[in-house]
>>> print(open('input_29.cif').read())   # mmCIF, N, CA and C atoms
data_start
loop_
_atom_site.label_atom_id
_atom_site.label_comp_id
_atom_site.auth_asym_id
_atom_site.auth_seq_id
_atom_site.Cartn_x
_atom_site.Cartn_y
_atom_site.Cartn_z
N GLN O 1 0.85 -1.20 0.00
CA GLN O 1 0.00 0.00 0.00
C GLN O 1 0.88 1.24 0.00
N VAL O 2 0.53 2.19 -0.85
CA VAL O 2 1.31 3.42 -0.98
C VAL O 2 0.72 4.51 -0.10
N GLN O 3 1.57 5.23 0.58
CA GLN O 3 1.15 6.37 1.38
C GLN O 3 1.84 7.62 0.87
N LEU O 4 1.11 8.72 0.86
CA LEU O 4 1.66 10.01 0.45
C LEU O 4 1.67 10.94 1.66
N VAL O 5 2.80 11.57 1.87
CA VAL O 5 2.95 12.49 2.98
C VAL O 5 3.32 13.87 2.43
N GLU O 6 2.45 14.84 2.70
CA GLU O 6 2.65 16.20 2.21
C GLU O 6 3.27 17.07 3.29
N SER O 7 3.96 18.09 2.85
CA SER O 7 4.51 19.08 3.79
C SER O 7 4.67 20.40 3.06
N GLY O 8 4.80 21.48 3.84
CA GLY O 8 5.10 22.77 3.26
C GLY O 8 3.96 23.77 3.26
N GLY O 9 2.78 23.37 3.67
CA GLY O 9 1.68 24.33 3.71
C GLY O 9 1.86 25.32 4.84
N GLY O 10 0.99 26.32 4.87
CA GLY O 10 1.06 27.31 5.94
C GLY O 10 0.36 28.58 5.59
N LEU O 11 0.67 29.61 6.35
CA LEU O 11 0.08 30.94 6.18
C LEU O 11 1.13 31.87 5.55
N VAL O 12 0.72 32.58 4.52
CA VAL O 12 1.63 33.48 3.84
C VAL O 12 0.86 34.72 3.38
N GLN O 13 1.53 35.83 3.29
CA GLN O 13 0.89 37.05 2.80
C GLN O 13 0.80 37.02 1.27
N ALA O 14 -0.16 37.73 0.76
CA ALA O 14 -0.31 37.85 -0.69
C ALA O 14 1.00 38.34 -1.31
N GLY O 15 1.37 37.70 -2.42
CA GLY O 15 2.63 38.01 -3.07
C GLY O 15 3.78 37.14 -2.64
N GLY O 16 3.56 36.38 -1.59
CA GLY O 16 4.60 35.52 -1.06
C GLY O 16 4.68 34.19 -1.78
N SER O 17 5.55 33.31 -1.27
CA SER O 17 5.79 32.01 -1.90
C SER O 17 5.73 30.90 -0.87
N LEU O 18 5.39 29.73 -1.35
CA LEU O 18 5.44 28.50 -0.56
C LEU O 18 5.87 27.38 -1.48
N ARG O 19 6.48 26.36 -0.88
CA ARG O 19 6.83 25.17 -1.64
C ARG O 19 6.25 23.95 -0.95
N LEU O 20 5.42 23.24 -1.67
CA LEU O 20 4.83 22.01 -1.15
C LEU O 20 5.65 20.82 -1.62
N SER O 21 5.75 19.82 -0.75
CA SER O 21 6.43 18.58 -1.09
C SER O 21 5.52 17.42 -0.77
N CYS O 22 5.68 16.33 -1.53
CA CYS O 22 4.88 15.14 -1.28
C CYS O 22 5.74 13.93 -1.60
N ALA O 23 5.94 13.09 -0.60
CA ALA O 23 6.77 11.90 -0.77
C ALA O 23 5.92 10.65 -0.65
N ALA O 24 6.16 9.72 -1.56
CA ALA O 24 5.45 8.44 -1.54
C ALA O 24 6.29 7.38 -0.86
N SER O 25 5.62 6.54 -0.10
CA SER O 25 6.32 5.43 0.55
C SER O 25 5.42 4.20 0.53
N GLY O 26 6.03 3.03 0.74
CA GLY O 26 5.25 1.81 0.74
C GLY O 26 5.52 0.98 -0.49
N SER O 27 4.53 0.26 -0.95
CA SER O 27 4.66 -0.63 -2.10
C SER O 27 4.49 0.16 -3.39
N ILE O 28 5.58 0.77 -3.82
CA ILE O 28 5.52 1.64 -4.98
C ILE O 28 5.90 0.88 -6.24
N PHE O 29 5.02 0.92 -7.22
CA PHE O 29 5.29 0.25 -8.49
C PHE O 29 5.06 1.23 -9.62
N SER O 30 6.13 1.69 -10.22
CA SER O 30 6.06 2.46 -11.45
C SER O 30 5.02 3.58 -11.39
N ILE O 31 5.25 4.53 -10.51
CA ILE O 31 4.36 5.71 -10.47
C ILE O 31 4.57 6.52 -11.73
N ASN O 32 3.47 6.93 -12.36
CA ASN O 32 3.54 7.74 -13.57
C ASN O 32 3.04 9.15 -13.28
N ALA O 33 1.76 9.28 -13.06
CA ALA O 33 1.19 10.60 -12.80
C ALA O 33 1.50 11.08 -11.38
N MET O 34 1.90 12.33 -11.30
CA MET O 34 2.05 13.01 -10.01
C MET O 34 1.39 14.38 -10.17
N GLY O 35 0.61 14.77 -9.18
CA GLY O 35 -0.06 16.05 -9.32
C GLY O 35 -0.50 16.64 -8.01
N TRP O 36 -0.99 17.85 -8.12
CA TRP O 36 -1.52 18.59 -6.98
C TRP O 36 -2.93 19.07 -7.31
N PHE O 37 -3.83 18.85 -6.39
CA PHE O 37 -5.19 19.34 -6.46
C PHE O 37 -5.42 20.27 -5.29
N ARG O 38 -6.49 21.05 -5.37
CA ARG O 38 -6.86 21.89 -4.24
C ARG O 38 -8.37 21.98 -4.14
N GLN O 39 -8.80 22.23 -2.91
CA GLN O 39 -10.23 22.40 -2.66
C GLN O 39 -10.43 23.52 -1.66
N ALA O 40 -11.11 24.55 -2.10
CA ALA O 40 -11.45 25.67 -1.24
C ALA O 40 -12.83 25.43 -0.63
N PRO O 41 -13.15 26.06 0.47
CA PRO O 41 -14.45 25.85 1.10
C PRO O 41 -15.59 26.15 0.14
N GLY O 42 -16.51 25.20 0.04
CA GLY O 42 -17.67 25.39 -0.81
C GLY O 42 -17.42 25.20 -2.29
N LYS O 43 -16.21 24.80 -2.64
CA LYS O 43 -15.88 24.60 -4.05
C LYS O 43 -15.47 23.16 -4.32
N ARG O 44 -15.50 22.80 -5.59
CA ARG O 44 -15.10 21.46 -5.98
C ARG O 44 -13.57 21.35 -5.99
N ARG O 45 -13.11 20.13 -5.80
CA ARG O 45 -11.68 19.90 -5.89
C ARG O 45 -11.25 20.08 -7.34
N GLU O 46 -10.13 20.77 -7.56
CA GLU O 46 -9.66 21.03 -8.91
C GLU O 46 -8.20 20.67 -9.06
N LEU O 47 -7.83 20.29 -10.26
CA LEU O 47 -6.44 20.01 -10.57
C LEU O 47 -5.68 21.33 -10.66
N VAL O 48 -4.61 21.44 -9.92
CA VAL O 48 -3.76 22.63 -9.96
C VAL O 48 -2.63 22.43 -10.97
N ALA O 49 -1.96 21.30 -10.84
CA ALA O 49 -0.85 21.00 -11.74
C ALA O 49 -0.60 19.50 -11.75
N GLY O 50 -0.18 19.00 -12.90
CA GLY O 50 0.12 17.59 -13.02
C GLY O 50 1.35 17.36 -13.87
N THR O 51 1.98 16.22 -13.65
CA THR O 51 3.15 15.87 -14.45
C THR O 51 3.18 14.37 -14.66
N SER O 52 3.70 13.97 -15.82
CA SER O 52 3.81 12.55 -16.13
C SER O 52 5.27 12.13 -16.10
N LYS O 53 5.50 10.84 -16.08
CA LYS O 53 6.86 10.34 -16.07
C LYS O 53 7.60 10.71 -17.35
N ALA O 54 6.87 10.91 -18.43
CA ALA O 54 7.47 11.29 -19.71
C ALA O 54 7.91 12.74 -19.71
N GLY O 55 7.49 13.50 -18.70
CA GLY O 55 7.95 14.87 -18.58
C GLY O 55 6.93 15.93 -18.93
N SER O 56 5.74 15.52 -19.34
CA SER O 56 4.73 16.53 -19.66
C SER O 56 4.17 17.13 -18.38
N THR O 57 3.76 18.38 -18.49
CA THR O 57 3.14 19.08 -17.37
C THR O 57 1.90 19.80 -17.84
N ASN O 58 0.97 20.01 -16.94
CA ASN O 58 -0.21 20.80 -17.25
C ASN O 58 -0.61 21.57 -16.00
N TYR O 59 -1.19 22.73 -16.22
CA TYR O 59 -1.55 23.64 -15.12
C TYR O 59 -2.95 24.18 -15.31
N ALA O 60 -3.59 24.47 -14.20
CA ALA O 60 -4.84 25.21 -14.24
C ALA O 60 -4.53 26.61 -14.75
N ASP O 61 -5.43 27.18 -15.52
CA ASP O 61 -5.19 28.52 -16.07
C ASP O 61 -4.92 29.54 -14.98
N SER O 62 -5.55 29.36 -13.83
CA SER O 62 -5.43 30.34 -12.75
C SER O 62 -4.05 30.38 -12.11
N VAL O 63 -3.23 29.35 -12.35
CA VAL O 63 -1.91 29.32 -11.72
C VAL O 63 -0.76 29.37 -12.71
N LYS O 64 -1.08 29.37 -13.99
CA LYS O 64 -0.02 29.40 -15.01
C LYS O 64 0.86 30.64 -14.83
N GLY O 65 2.17 30.41 -14.90
CA GLY O 65 3.12 31.51 -14.73
C GLY O 65 3.46 31.81 -13.29
N ARG O 66 2.73 31.23 -12.35
CA ARG O 66 3.01 31.46 -10.92
C ARG O 66 3.44 30.19 -10.21
N PHE O 67 2.88 29.06 -10.60
CA PHE O 67 3.19 27.79 -9.94
C PHE O 67 4.04 26.93 -10.87
N THR O 68 4.92 26.13 -10.28
CA THR O 68 5.74 25.19 -11.04
C THR O 68 5.74 23.84 -10.35
N ILE O 69 5.39 22.82 -11.10
CA ILE O 69 5.43 21.46 -10.57
C ILE O 69 6.72 20.79 -11.03
N SER O 70 7.30 20.01 -10.14
CA SER O 70 8.50 19.26 -10.49
C SER O 70 8.48 17.94 -9.72
N ARG O 71 9.32 17.01 -10.18
CA ARG O 71 9.32 15.70 -9.54
C ARG O 71 10.73 15.12 -9.48
N ASP O 72 10.94 14.28 -8.50
CA ASP O 72 12.19 13.54 -8.36
C ASP O 72 11.79 12.07 -8.28
N ASP O 73 11.91 11.36 -9.39
CA ASP O 73 11.45 9.98 -9.43
C ASP O 73 12.31 9.06 -8.56
N ALA O 74 13.56 9.42 -8.39
CA ALA O 74 14.42 8.61 -7.54
C ALA O 74 13.94 8.62 -6.09
N LYS O 75 13.30 9.71 -5.71
CA LYS O 75 12.80 9.86 -4.35
C LYS O 75 11.28 9.70 -4.27
N ASN O 76 10.66 9.40 -5.41
CA ASN O 76 9.19 9.30 -5.46
C ASN O 76 8.53 10.52 -4.82
N THR O 77 9.02 11.68 -5.20
CA THR O 77 8.58 12.93 -4.59
C THR O 77 8.16 13.92 -5.66
N VAL O 78 7.10 14.67 -5.37
CA VAL O 78 6.64 15.73 -6.25
C VAL O 78 6.60 17.02 -5.46
N TYR O 79 6.91 18.11 -6.15
CA TYR O 79 6.95 19.42 -5.52
C TYR O 79 6.01 20.38 -6.24
N LEU O 80 5.59 21.40 -5.51
CA LEU O 80 4.83 22.48 -6.12
C LEU O 80 5.37 23.79 -5.57
N GLN O 81 6.07 24.51 -6.43
CA GLN O 81 6.56 25.84 -6.06
C GLN O 81 5.48 26.85 -6.40
N MET O 82 5.05 27.58 -5.41
CA MET O 82 3.96 28.54 -5.58
C MET O 82 4.49 29.94 -5.31
N ASN O 83 4.49 30.76 -6.34
CA ASN O 83 4.95 32.15 -6.22
C ASN O 83 3.80 33.11 -6.47
N SER O 84 3.99 34.34 -6.09
CA SER O 84 2.98 35.39 -6.29
C SER O 84 1.61 34.92 -5.83
N LEU O 85 1.57 34.38 -4.64
CA LEU O 85 0.33 33.82 -4.13
C LEU O 85 -0.73 34.88 -3.94
N LYS O 86 -1.97 34.49 -4.16
CA LYS O 86 -3.12 35.38 -4.05
C LYS O 86 -4.09 34.81 -3.01
N PRO O 87 -4.91 35.64 -2.42
CA PRO O 87 -5.89 35.14 -1.45
C PRO O 87 -6.77 34.03 -2.02
N GLU O 88 -7.05 34.10 -3.32
CA GLU O 88 -7.89 33.06 -3.94
C GLU O 88 -7.19 31.72 -4.10
N ASP O 89 -5.90 31.68 -3.78
CA ASP O 89 -5.18 30.40 -3.77
C ASP O 89 -5.40 29.65 -2.45
N THR O 90 -6.04 30.29 -1.51
CA THR O 90 -6.31 29.65 -0.22
C THR O 90 -7.17 28.40 -0.41
N ALA O 91 -6.68 27.29 0.10
CA ALA O 91 -7.37 26.00 -0.07
C ALA O 91 -6.61 24.91 0.67
N VAL O 92 -7.21 23.75 0.73
CA VAL O 92 -6.47 22.56 1.13
C VAL O 92 -5.88 21.96 -0.14
N TYR O 93 -4.59 21.75 -0.12
CA TYR O 93 -3.89 21.20 -1.29
C TYR O 93 -3.62 19.72 -1.06
N TYR O 94 -3.98 18.92 -2.06
CA TYR O 94 -3.81 17.49 -1.99
C TYR O 94 -2.80 17.01 -3.04
N CYS O 95 -1.91 16.18 -2.61
CA CYS O 95 -1.01 15.50 -3.51
C CYS O 95 -1.70 14.23 -4.01
N ALA O 96 -1.46 13.88 -5.26
CA ALA O 96 -2.05 12.67 -5.82
C ALA O 96 -1.07 12.02 -6.79
N MET O 97 -1.14 10.71 -6.87
CA MET O 97 -0.28 9.96 -7.79
C MET O 97 -1.05 8.81 -8.41
N GLY O 98 -0.50 8.28 -9.49
CA GLY O 98 -1.14 7.16 -10.15
C GLY O 98 -0.16 6.39 -11.02
N ASN O 99 -0.55 5.20 -11.36
CA ASN O 99 0.32 4.36 -12.19
C ASN O 99 0.19 4.65 -13.69
N VAL O 100 -0.83 5.42 -14.04
CA VAL O 100 -1.07 5.74 -15.44
C VAL O 100 -1.08 7.26 -15.58
N ALA O 101 -0.56 7.76 -16.68
CA ALA O 101 -0.53 9.20 -16.90
C ALA O 101 -1.93 9.79 -16.80
N SER O 102 -2.02 10.91 -16.08
CA SER O 102 -3.27 11.66 -15.92
C SER O 102 -4.35 10.90 -15.16
N PHE O 103 -3.99 9.84 -14.49
CA PHE O 103 -4.95 9.10 -13.67
C PHE O 103 -4.43 9.03 -12.25
N TYR O 104 -5.22 9.53 -11.32
CA TYR O 104 -4.79 9.64 -9.93
C TYR O 104 -5.65 8.75 -9.04
N ASN O 105 -5.04 7.78 -8.41
CA ASN O 105 -5.79 6.89 -7.52
C ASN O 105 -5.15 6.75 -6.14
N ILE O 106 -4.13 7.53 -5.89
CA ILE O 106 -3.48 7.54 -4.57
C ILE O 106 -3.47 8.99 -4.11
N TRP O 107 -3.96 9.21 -2.89
CA TRP O 107 -4.15 10.58 -2.41
C TRP O 107 -3.48 10.81 -1.06
N GLY O 108 -2.98 12.03 -0.90
CA GLY O 108 -2.44 12.44 0.38
C GLY O 108 -3.55 12.96 1.28
N GLN O 109 -3.19 13.33 2.49
CA GLN O 109 -4.18 13.75 3.46
C GLN O 109 -4.54 15.23 3.33
N GLY O 110 -3.75 15.97 2.60
CA GLY O 110 -4.03 17.39 2.38
C GLY O 110 -3.23 18.27 3.31
N THR O 111 -2.88 19.45 2.81
CA THR O 111 -2.18 20.43 3.62
C THR O 111 -2.80 21.80 3.35
N GLN O 112 -3.01 22.56 4.40
CA GLN O 112 -3.70 23.84 4.29
C GLN O 112 -2.73 24.93 3.81
N VAL O 113 -3.18 25.67 2.83
CA VAL O 113 -2.47 26.87 2.37
C VAL O 113 -3.42 28.05 2.54
N THR O 114 -2.98 29.03 3.30
CA THR O 114 -3.79 30.21 3.54
C THR O 114 -3.00 31.44 3.13
N VAL O 115 -3.59 32.25 2.24
CA VAL O 115 -2.94 33.46 1.75
C VAL O 115 -3.74 34.65 2.26
N SER O 116 -3.10 35.48 3.04
CA SER O 116 -3.78 36.64 3.61
C SER O 116 -3.58 37.85 2.72
N SER O 117 -4.57 38.71 2.70
CA SER O 117 -4.49 39.92 1.85
C SER O 117 -3.87 41.08 2.59
#
>>> encode(input="input_29.cif", output="structure tokens")
Amino acid sequence: QVQLVESGGGLVQAGGSLRLSCAASGSIFSINAMGWFRQAPGKRRELVAGTSKAGSTNYADSVKGRFTISRDDAKNTVYLQMNSLKPEDTAVYYCAMGNVASFYNIWGQGTQVTVSS
């Protein structure tokens, strides 16, 4: 069984930066998709950024140019560098992984990101 452990969330002022990390442990077999989702109160969970083992990346329009996803396959870890944060980025951020590109079936517990104005 694979477990994902996230870290790096917190409180930051608008315009600031945070870096989220997510490490996978357990029975890991050929992880392909790695991504970050977020869910704000009263809203649906949305994909923020995703990456495949082949190197492709995709971002939500709202974060393009501000967020960068990266991965270290040797460490089974995915990162999300978040710059120029806005109050509307406030949400619980979830790490997710999967064995197939763009398919996420393993989820982390979530980490709170709060951006104050």
>>> residues_around(input="input_29.cif", residues="segment 17-23 of chain O", least_positions_apart="4", cutoff="6 Å", atoms="only N, CA and C atoms", output="PyMOL selection string")
chain O and resi 3-9+76-85
>>> write_last_selection(input="input_29.cif", atoms="N, CA and C atoms", output="PDB file, in the coordinates of the input")
ATOM      1  N   GLN O   3       1.570   5.230   0.580  1.00  0.00           N
ATOM      2  CA  GLN O   3       1.150   6.370   1.380  1.00  0.00           C
ATOM      3  C   GLN O   3       1.840   7.620   0.870  1.00  0.00           C
ATOM      4  N   LEU O   4       1.110   8.720   0.860  1.00  0.00           N
ATOM      5  CA  LEU O   4       1.660  10.010   0.450  1.00  0.00           C
ATOM      6  C   LEU O   4       1.670  10.940   1.660  1.00  0.00           C
ATOM      7  N   VAL O   5       2.800  11.570   1.870  1.00  0.00           N
ATOM      8  CA  VAL O   5       2.950  12.490   2.980  1.00  0.00           C
ATOM      9  C   VAL O   5       3.320  13.870   2.430  1.00  0.00           C
ATOM     10  N   GLU O   6       2.450  14.840   2.700  1.00  0.00           N
ATOM     11  CA  GLU O   6       2.650  16.200   2.210  1.00  0.00           C
ATOM     12  C   GLU O   6       3.270  17.070   3.290  1.00  0.00           C
ATOM     13  N   SER O   7       3.960  18.090   2.850  1.00  0.00           N
ATOM     14  CA  SER O   7       4.510  19.080   3.790  1.00  0.00           C
ATOM     15  C   SER O   7       4.670  20.400   3.060  1.00  0.00           C
ATOM     16  N   GLY O   8       4.800  21.480   3.840  1.00  0.00           N
ATOM     17  CA  GLY O   8       5.100  22.770   3.260  1.00  0.00           C
ATOM     18  C   GLY O   8       3.960  23.770   3.260  1.00  0.00           C
ATOM     19  N   GLY O   9       2.780  23.370   3.670  1.00  0.00           N
ATOM     20  CA  GLY O   9       1.680  24.330   3.710  1.00  0.00           C
ATOM     21  C   GLY O   9       1.860  25.320   4.840  1.00  0.00           C
ATOM     22  N   ASN O  76      10.660   9.400  -5.410  1.00  0.00           N
ATOM     23  CA  ASN O  76       9.190   9.300  -5.460  1.00  0.00           C
ATOM     24  C   ASN O  76       8.530  10.520  -4.820  1.00  0.00           C
ATOM     25  N   THR O  77       9.020  11.680  -5.200  1.00  0.00           N
ATOM     26  CA  THR O  77       8.580  12.930  -4.590  1.00  0.00           C
ATOM     27  C   THR O  77       8.160  13.920  -5.660  1.00  0.00           C
ATOM     28  N   VAL O  78       7.100  14.670  -5.370  1.00  0.00           N
ATOM     29  CA  VAL O  78       6.640  15.730  -6.250  1.00  0.00           C
ATOM     30  C   VAL O  78       6.600  17.020  -5.460  1.00  0.00           C
ATOM     31  N   TYR O  79       6.910  18.110  -6.150  1.00  0.00           N
ATOM     32  CA  TYR O  79       6.950  19.420  -5.520  1.00  0.00           C
ATOM     33  C   TYR O  79       6.010  20.380  -6.240  1.00  0.00           C
ATOM     34  N   LEU O  80       5.590  21.400  -5.510  1.00  0.00           N
ATOM     35  CA  LEU O  80       4.830  22.480  -6.120  1.00  0.00           C
ATOM     36  C   LEU O  80       5.370  23.790  -5.570  1.00  0.00           C
ATOM     37  N   GLN O  81       6.070  24.510  -6.430  1.00  0.00           N
ATOM     38  CA  GLN O  81       6.560  25.840  -6.060  1.00  0.00           C
ATOM     39  C   GLN O  81       5.480  26.850  -6.400  1.00  0.00           C
ATOM     40  N   MET O  82       5.050  27.580  -5.410  1.00  0.00           N
ATOM     41  CA  MET O  82       3.960  28.540  -5.580  1.00  0.00           C
ATOM     42  C   MET O  82       4.490  29.940  -5.310  1.00  0.00           C
ATOM     43  N   ASN O  83       4.490  30.760  -6.340  1.00  0.00           N
ATOM     44  CA  ASN O  83       4.950  32.150  -6.220  1.00  0.00           C
ATOM     45  C   ASN O  83       3.800  33.110  -6.470  1.00  0.00           C
ATOM     46  N   SER O  84       3.990  34.340  -6.090  1.00  0.00           N
ATOM     47  CA  SER O  84       2.980  35.390  -6.290  1.00  0.00           C
ATOM     48  C   SER O  84       1.610  34.920  -5.830  1.00  0.00           C
ATOM     49  N   LEU O  85       1.570  34.380  -4.640  1.00  0.00           N
ATOM     50  CA  LEU O  85       0.330  33.820  -4.130  1.00  0.00           C
ATOM     51  C   LEU O  85      -0.730  34.880  -3.940  1.00  0.00           C
TER      52      LEU O  85
END
>>> select_by_dssp(input="input_29.cif", residues="segment 10-112 of chain O", states="helix (DSSP H, G or I)", output="VMD selection string")
chain O and resid 61 to 63 87 to 89
>>> resolve_selection(input="input_29.cif", expression="the PyMOL selection byres ((chain O and resi 54) around 8)", output="list in words")
Asn32, Ala33, Thr51, Ser52, Lys53, Gly55, Ser56, Thr57 and Ala101 of chain O
>>> resolve_selection(input="input_29.cif", expression="the PyMOL selection byres ((chain O and resi 2) around 6)", output="VMD selection string")
chain O and resid 1 3 to 4 25 to 28
>>> write_last_selection(input="input_29.cif", atoms="N, CA and C atoms", output="mmCIF file, keeping the file's coordinate frame")
data_model
loop_
_atom_site.group_PDB
_atom_site.id
_atom_site.type_symbol
_atom_site.label_atom_id
_atom_site.label_comp_id
_atom_site.auth_asym_id
_atom_site.auth_seq_id
_atom_site.Cartn_x
_atom_site.Cartn_y
_atom_site.Cartn_z
ATOM 1 N N GLN O 1 0.850 -1.200 0.000
ATOM 2 C CA GLN O 1 0.000 0.000 0.000
ATOM 3 C C GLN O 1 0.880 1.240 0.000
ATOM 4 N N GLN O 3 1.570 5.230 0.580
ATOM 5 C CA GLN O 3 1.150 6.370 1.380
ATOM 6 C C GLN O 3 1.840 7.620 0.870
ATOM 7 N N LEU O 4 1.110 8.720 0.860
ATOM 8 C CA LEU O 4 1.660 10.010 0.450
ATOM 9 C C LEU O 4 1.670 10.940 1.660
ATOM 10 N N SER O 25 5.620 6.540 -0.100
ATOM 11 C CA SER O 25 6.320 5.430 0.550
ATOM 12 C C SER O 25 5.420 4.200 0.530
ATOM 13 N N GLY O 26 6.030 3.030 0.740
ATOM 14 C CA GLY O 26 5.250 1.810 0.740
ATOM 15 C C GLY O 26 5.520 0.980 -0.490
ATOM 16 N N SER O 27 4.530 0.260 -0.950
ATOM 17 C CA SER O 27 4.660 -0.630 -2.100
ATOM 18 C C SER O 27 4.490 0.160 -3.390
ATOM 19 N N ILE O 28 5.580 0.770 -3.820
ATOM 20 C CA ILE O 28 5.520 1.640 -4.980
ATOM 21 C C ILE O 28 5.900 0.880 -6.240
#
>>> select_by_dssp(input="input_29.cif", residues="segment 51-84 of chain O", states="strand (DSSP E or B)", output="ChimeraX atom specification")
/O:51,57-59,67-72,77-82
>>> atom_distance(input="input_29.cif", atom1="atom N of Ser116 of chain O", atom2="atom C of Arg71 of chain O")
27.6 Å
>>> residues_around(input="input_29.cif", residues="segment 38-44 of chain O", least_positions_apart="2", cutoff="8 Å", atoms="all atoms listed in the file", output="list of chain:residue names")
O:Gly35, O:Trp36, O:Glu46, O:Leu47, O:Val48, O:Ala49, O:Glu88, O:Asp89, O:Thr90, O:Ala91, O:Val92, O:Tyr93, O:Tyr94, O:Cys95
>>> decode(input="input_29.cif", residues="segment 88-95 of chain O", atoms="all heavy atoms", output="CSV table (one decimal), in the first residue's frame")
chain,number,residue,atom,x,y,z
O,88,GLU,N,-7.0,34.1,-3.3
O,88,GLU,CA,-7.9,33.1,-3.9
O,88,GLU,C,-7.2,31.7,-4.1
O,88,GLU,O,-7.8,30.7,-4.5
O,88,GLU,CB,-8.4,33.5,-5.3
O,88,GLU,CG,-7.4,34.1,-6.2
O,88,GLU,CD,-7.3,35.6,-6.2
O,88,GLU,OE1,-7.3,36.2,-5.1
O,88,GLU,OE2,-7.2,36.2,-7.3
O,89,ASP,N,-5.9,31.7,-3.8
O,89,ASP,CA,-5.2,30.4,-3.8
O,89,ASP,C,-5.4,29.7,-2.5
O,89,ASP,O,-5.0,28.5,-2.3
O,89,ASP,CB,-3.7,30.6,-4.0
O,89,ASP,CG,-3.3,31.2,-5.3
O,89,ASP,OD1,-3.9,30.7,-6.3
O,89,ASP,OD2,-2.5,32.1,-5.4
O,90,THR,N,-6.0,30.3,-1.5
O,90,THR,CA,-6.3,29.6,-0.2
O,90,THR,C,-7.2,28.4,-0.4
O,90,THR,O,-8.2,28.5,-1.0
O,90,THR,CB,-7.0,30.6,0.7
O,90,THR,OG1,-6.1,31.7,1.0
O,90,THR,CG2,-7.4,29.9,2.0
O,91,ALA,N,-6.7,27.3,0.1
O,91,ALA,CA,-7.4,26.0,-0.1
O,91,ALA,C,-6.6,24.9,0.7
O,91,ALA,O,-5.5,25.1,1.1
O,91,ALA,CB,-7.5,25.6,-1.5
O,92,VAL,N,-7.2,23.8,0.7
O,92,VAL,CA,-6.5,22.6,1.1
O,92,VAL,C,-5.9,22.0,-0.1
O,92,VAL,O,-6.6,21.7,-1.1
O,92,VAL,CB,-7.4,21.5,1.8
O,92,VAL,CG1,-6.6,20.3,2.2
O,92,VAL,CG2,-8.0,22.1,3.1
O,93,TYR,N,-4.6,21.7,-0.1
O,93,TYR,CA,-3.9,21.2,-1.3
O,93,TYR,C,-3.6,19.7,-1.1
O,93,TYR,O,-3.1,19.3,0.0
O,93,TYR,CB,-2.6,22.0,-1.5
O,93,TYR,CG,-2.8,23.3,-2.1
O,93,TYR,CD1,-3.4,24.4,-1.4
O,93,TYR,CD2,-2.4,23.6,-3.5
O,93,TYR,CE1,-3.7,25.6,-2.0
O,93,TYR,CE2,-2.7,24.8,-4.1
O,93,TYR,CZ,-3.3,25.8,-3.3
O,93,TYR,OH,-3.5,27.0,-3.9
O,94,TYR,N,-4.0,18.9,-2.1
O,94,TYR,CA,-3.8,17.5,-2.0
O,94,TYR,C,-2.8,17.0,-3.0
O,94,TYR,O,-2.9,17.4,-4.2
O,94,TYR,CB,-5.1,16.8,-2.2
O,94,TYR,CG,-6.2,17.1,-1.2
O,94,TYR,CD1,-7.1,18.1,-1.4
O,94,TYR,CD2,-6.3,16.3,-0.1
O,94,TYR,CE1,-8.1,18.4,-0.4
O,94,TYR,CE2,-7.3,16.5,0.9
O,94,TYR,CZ,-8.2,17.6,0.7
O,94,TYR,OH,-9.1,17.8,1.6
O,95,CYS,N,-1.9,16.2,-2.6
O,95,CYS,CA,-1.0,15.5,-3.5
O,95,CYS,C,-1.7,14.2,-4.0
O,95,CYS,O,-2.5,13.6,-3.3
O,95,CYS,CB,0.3,15.1,-2.8
O,95,CYS,SG,1.4,14.0,-3.6
